Amino acid sequence: MAGNSLRWILFLHFLLIMCSSHGSIGRDDHDHDHDHHHHMDPSLMVFFTMNDLKVGQRMPIYFPKRNPSTSPKPWPKQEADSLPFSLEKLPQLLRHFGFARDSPQAKAMEDTLRECESKAIKGEVKFCATSLESMLEFTQTILGIDSDSEIRALSTSHKTKSSVTFQNYTMLENIVEIEAPKMVACHTMPYPYAVFYCHSQRSENRVFKVPLEGENGDEVEAMVVCHLDTSEWSSSHPSFRVLGVKPGSSSVCHFFPADNLIFVPKVVQVESHDGFSAM
């Protein structure tokens with residue numbers, strides 16, 4: 001079982017990253033279309049390759065901004081476990097939350113449940129956590145760690161207030177690689193309460209902390225995961241359309257929104273790796 005200390009730290013961490021994401025979801029009056037990506041959905045502009053991970057690289061990036069007053073809040077495990085989390089039980093769940101079957105909320109719930117029940121790709125372990133406690137329990141199992149103090153939670157941090165969600169950013173100096181022999185990534189999913197899609201892959205991944213500066217002066221300390229083997233990914237994965245590559249032909253890196261989390265084991269050893277600092 002996850003201990004109380006890290007559970008409370010994660011709860012406070014979750015609230016902090018939600019409150020640091022200003023504005024609302026969607027396009028903003030200050031959003032811009034960029035270069036040959038103008039025909040793309042801006043929300044897909046988070047992908048790049050390892051070749052682009054370098055100081056001075058400039059690219060359009062989408063960072064969603066959440067409104068903490070309306071964003072789903074985490075439920076205690078006992079409360080979350082008291083409700084079914086199943087596509088089969090969707091009609092019952094819609095009645096419980098008071099959503100009409102043809103409402104946007106019902107569509108979002110259906111999409112989330114369908115994604116959570118989809119089959120994992122080869123070499124991947126996935127789990128939809130309906131509470132912070134279950135997310136920690138899954139993470140401990142995957143990382144093979146018994147003590148909460150041996151787990152490190154990482155997230156993107158916005159250093160400046162801004163309502164802009166999509167603009168050009170430049171990678172600054174001090175790109176740091178974080179030693180991660182194993183990792184679990186947890187992504188927020190649309191649901192009436194906080195649900196995280198957590199997964200881990202056996203294939204090689206690398207984790208980086210990348211300082212960014214937006215064209216309007218925004219400062220972001222962004223978390224990045226680079227997947228070195230994409231051969232088992234579906235050819236319909238949006239990264240391939242954005243990057244113009246095929247499964248297995250290239251690494252795929254992506255930026256994490258502020259309300260997504262990366263869990264890695266804590267390590268003491270610090271060493272240099274491929275020109276980046278390591279920690």
# chains A, B, ... in the order shown; residues from 1 in each chain; ligands from 1

call {"tool": "residues_around", "arguments": {"residues": "A:Pro211", "least_positions_apart": "4", "cutoff": "8 Å", "atoms": "only C-alpha atoms", "output": "list in words"}}
result
Met171, Leu172, Glu173, Asn174, Ile175, Glu219, Val220, Glu221 and Ala222 of chain A

call {"tool": "select_by_dssp", "arguments": {"residues": "stretch 135-232 of chain A", "states": "helix (DSSP H, G or I)", "output": "ChimeraX atom specification"}}
result
/A:135-143,148-150

call {"tool": "closest_residue", "arguments": {"among": "A:Ala80, A:Val46, A:Met189, A:Val176", "to": "A:Asp111", "atoms": "only C-alpha atoms"}}
result
A:Met189

call {"tool": "closest_atom_pairs", "arguments": {"of": "stretch 138-195 of chain A", "to": "stretch 241-261 of chain A", "cutoff": "7 Å", "atoms": "only C-alpha atoms", "output": "tab-separated table"}}
result
residue	atom	partner	partner_atom	distance
A:Ala153	CA	A:Leu261	CA	6.5
A:Leu154	CA	A:Leu261	CA	5.7
A:Ser155	CA	A:Leu261	CA	5.2
A:Thr156	CA	A:Ala258	CA	4.5
A:Ser157	CA	A:Ala258	CA	6.0
A:Ala185	CA	A:Leu261	CA	5.9
A:Cys186	CA	A:Leu261	CA	5.1
A:His187	CA	A:Asn260	CA	4.8
A:Thr188	CA	A:Asn260	CA	6.0

call {"tool": "write_last_selection", "arguments": {"atoms": "all heavy atoms", "output": "PDB file, in the first residue's frame"}}
result
ATOM      1  N   ALA A 153       8.327  12.165  -8.313  1.00  0.00           N
ATOM      2  CA  ALA A 153       7.259  12.608  -9.201  1.00  0.00           C
ATOM      3  C   ALA A 153       7.699  13.872  -9.929  1.00  0.00           C
ATOM      4  O   ALA A 153       8.168  14.834  -9.305  1.00  0.00           O
ATOM      5  CB  ALA A 153       5.989  12.880  -8.406  1.00  0.00           C
ATOM      6  N   LEU A 154       7.568  13.888 -11.258  1.00  0.00           N
ATOM      7  CA  LEU A 154       8.031  15.006 -12.082  1.00  0.00           C
ATOM      8  C   LEU A 154       6.874  15.559 -12.902  1.00  0.00           C
ATOM      9  O   LEU A 154       6.006  14.822 -13.361  1.00  0.00           O
ATOM     10  CB  LEU A 154       9.143  14.539 -13.029  1.00  0.00           C
ATOM     11  CG  LEU A 154      10.330  13.800 -12.389  1.00  0.00           C
ATOM     12  CD1 LEU A 154      11.157  13.121 -13.473  1.00  0.00           C
ATOM     13  CD2 LEU A 154      11.187  14.764 -11.584  1.00  0.00           C
ATOM     14  N   SER A 155       6.871  16.875 -13.104  1.00  0.00           N
ATOM     15  CA  SER A 155       5.835  17.484 -13.936  1.00  0.00           C
ATOM     16  C   SER A 155       6.357  18.771 -14.564  1.00  0.00           C
ATOM     17  O   SER A 155       7.322  19.374 -14.074  1.00  0.00           O
ATOM     18  CB  SER A 155       4.579  17.788 -13.113  1.00  0.00           C
ATOM     19  OG  SER A 155       4.860  18.752 -12.111  1.00  0.00           O
ATOM     20  N   THR A 156       5.718  19.192 -15.641  1.00  0.00           N
ATOM     21  CA  THR A 156       6.043  20.454 -16.297  1.00  0.00           C
ATOM     22  C   THR A 156       5.633  21.616 -15.411  1.00  0.00           C
ATOM     23  O   THR A 156       4.582  21.575 -14.763  1.00  0.00           O
ATOM     24  CB  THR A 156       5.325  20.537 -17.656  1.00  0.00           C
ATOM     25  OG1 THR A 156       5.942  19.618 -18.567  1.00  0.00           O
ATOM     26  CG2 THR A 156       5.375  21.939 -18.246  1.00  0.00           C
ATOM     27  N   SER A 157       6.460  22.660 -15.389  1.00  0.00           N
ATOM     28  CA  SER A 157       6.193  23.822 -14.545  1.00  0.00           C
ATOM     29  C   SER A 157       6.198  25.090 -15.384  1.00  0.00           C
ATOM     30  O   SER A 157       7.145  25.344 -16.137  1.00  0.00           O
ATOM     31  CB  SER A 157       7.257  23.911 -13.441  1.00  0.00           C
ATOM     32  OG  SER A 157       7.118  25.100 -12.704  1.00  0.00           O
ATOM     33  N   ALA A 185       4.405   6.894 -16.765  1.00  0.00           N
ATOM     34  CA  ALA A 185       3.814   8.168 -17.170  1.00  0.00           C
ATOM     35  C   ALA A 185       2.313   8.114 -16.901  1.00  0.00           C
ATOM     36  O   ALA A 185       1.660   7.117 -17.218  1.00  0.00           O
ATOM     37  CB  ALA A 185       4.078   8.437 -18.642  1.00  0.00           C
ATOM     38  N   CYS A 186       1.785   9.177 -16.310  1.00  0.00           N
ATOM     39  CA  CYS A 186       0.355   9.240 -15.990  1.00  0.00           C
ATOM     40  C   CYS A 186      -0.248  10.501 -16.603  1.00  0.00           C
ATOM     41  O   CYS A 186       0.220  11.613 -16.327  1.00  0.00           O
ATOM     42  CB  CYS A 186       0.139   9.233 -14.479  1.00  0.00           C
ATOM     43  SG  CYS A 186       0.592   7.666 -13.674  1.00  0.00           S
ATOM     44  N   HIS A 187      -1.271  10.303 -17.436  1.00  0.00           N
ATOM     45  CA  HIS A 187      -1.900  11.394 -18.172  1.00  0.00           C
ATOM     46  C   HIS A 187      -3.333  11.592 -17.679  1.00  0.00           C
ATOM     47  O   HIS A 187      -4.067  10.617 -17.473  1.00  0.00           O
ATOM     48  CB  HIS A 187      -1.930  11.084 -19.669  1.00  0.00           C
ATOM     49  CG  HIS A 187      -0.612  10.615 -20.212  1.00  0.00           C
ATOM     50  ND1 HIS A 187       0.396  11.482 -20.559  1.00  0.00           N
ATOM     51  CD2 HIS A 187      -0.133   9.361 -20.446  1.00  0.00           C
ATOM     52  CE1 HIS A 187       1.438  10.792 -21.004  1.00  0.00           C
ATOM     53  NE2 HIS A 187       1.145   9.499 -20.942  1.00  0.00           N
ATOM     54  N   THR A 188      -3.743  12.843 -17.508  1.00  0.00           N
ATOM     55  CA  THR A 188      -5.116  13.115 -17.086  1.00  0.00           C
ATOM     56  C   THR A 188      -6.087  12.764 -18.209  1.00  0.00           C
ATOM     57  O   THR A 188      -5.791  12.947 -19.391  1.00  0.00           O
ATOM     58  CB  THR A 188      -5.291  14.595 -16.704  1.00  0.00           C
ATOM     59  OG1 THR A 188      -4.824  15.417 -17.781  1.00  0.00           O
ATOM     60  CG2 THR A 188      -4.499  14.931 -15.443  1.00  0.00           C
TER      61      THR A 188
END

call {"tool": "closest_residue", "arguments": {"among": "A:Glu179, A:Asp81, A:Asp218, A:Glu133", "to": "A:Val267", "atoms": "only C-alpha atoms"}}
result
A:Glu179

call {"tool": "atom_distance", "arguments": {"atom1": "atom CA of A:Asn205", "atom2": "atom CA of A:Ile178"}}
result
10.9 Å

call {"tool": "closest_atom_pairs", "arguments": {"of": "stretch 186-217 of chain A", "to": "stretch 50-61 of chain A", "cutoff": "12 Å", "atoms": "only C-alpha atoms", "output": "JSON lines"}}
result
{"residue": "A:Asn205", "atom": "CA", "partner": "A:Met50", "partner_atom": "CA", "distance": 11.1}
{"residue": "A:Arg206", "atom": "CA", "partner": "A:Met50", "partner_atom": "CA", "distance": 9.7}
{"residue": "A:Val207", "atom": "CA", "partner": "A:Met50", "partner_atom": "CA", "distance": 11.2}
{"residue": "A:Phe208", "atom": "CA", "partner": "A:Leu53", "partner_atom": "CA", "distance": 9.4}
{"residue": "A:Lys209", "atom": "CA", "partner": "A:Leu53", "partner_atom": "CA", "distance": 10.8}
{"residue": "A:Val210", "atom": "CA", "partner": "A:Leu53", "partner_atom": "CA", "distance": 8.7}
{"residue": "A:Pro211", "atom": "CA", "partner": "A:Val55", "partner_atom": "CA", "distance": 9.3}
{"residue": "A:Leu212", "atom": "CA", "partner": "A:Arg58", "partner_atom": "CA", "distance": 9.3}
{"residue": "A:Glu213", "atom": "CA", "partner": "A:Arg58", "partner_atom": "CA", "distance": 9.4}
{"residue": "A:Gly214", "atom": "CA", "partner": "A:Pro60", "partner_atom": "CA", "distance": 9.1}
{"residue": "A:Glu215", "atom": "CA", "partner": "A:Arg58", "partner_atom": "CA", "distance": 9.6}

call {"tool": "select_by_dssp", "arguments": {"residues": "stretch 34-81 of chain A", "states": "strand (DSSP E or B)", "output": "MDAnalysis selection string"}}
result
chainID A and resid 47:48 58:62

call {"tool": "closest_residue", "arguments": {"among": "A:Pro192, A:Leu143, A:Val184, A:Met223", "to": "A:Lys126", "atoms": "only C-alpha atoms"}}
result
A:Val184

call {"tool": "residues_around", "arguments": {"residues": "A:Glu232", "least_positions_apart": "5", "cutoff": "10 Å", "atoms": "only C-alpha atoms", "output": "ChimeraX atom specification"}}
result
/A:121-124,203,247-248

call {"tool": "write_last_selection", "arguments": {"atoms": "C-alpha atoms", "output": "mmCIF file, in the first residue's frame"}}
result
data_model
loop_
_atom_site.group_PDB
_atom_site.id
_atom_site.type_symbol
_atom_site.label_atom_id
_atom_site.label_comp_id
_atom_site.auth_asym_id
_atom_site.auth_seq_id
_atom_site.Cartn_x
_atom_site.Cartn_y
_atom_site.Cartn_z
ATOM 1 C CA ILE A 121 0.457 -2.550 -27.112
ATOM 2 C CA LYS A 122 3.159 -5.217 -26.990
ATOM 3 C CA GLY A 123 5.632 -4.518 -24.188
ATOM 4 C CA GLU A 124 3.353 -2.021 -22.448
ATOM 5 C CA SER A 203 11.325 -0.494 -24.614
ATOM 6 C CA PRO A 247 6.401 3.141 -36.740
ATOM 7 C CA GLY A 248 9.917 2.012 -35.868
#

call {"tool": "residues_around", "arguments": {"residues": "A:Tyr191", "least_positions_apart": "5", "cutoff": "8 Å", "atoms": "only C-alpha atoms", "output": "PyMOL selection string"}}
result
chain A and resi 72+105+108-109+112

call {"tool": "atom_distance", "arguments": {"atom1": "atom CA of A:Thr130", "atom2": "atom CA of A:Gly144"}}
result
21.0 Å

call {"tool": "atom_distance", "arguments": {"atom1": "atom CA of A:Phe63", "atom2": "atom CA of A:Leu132"}}
result
23.2 Å
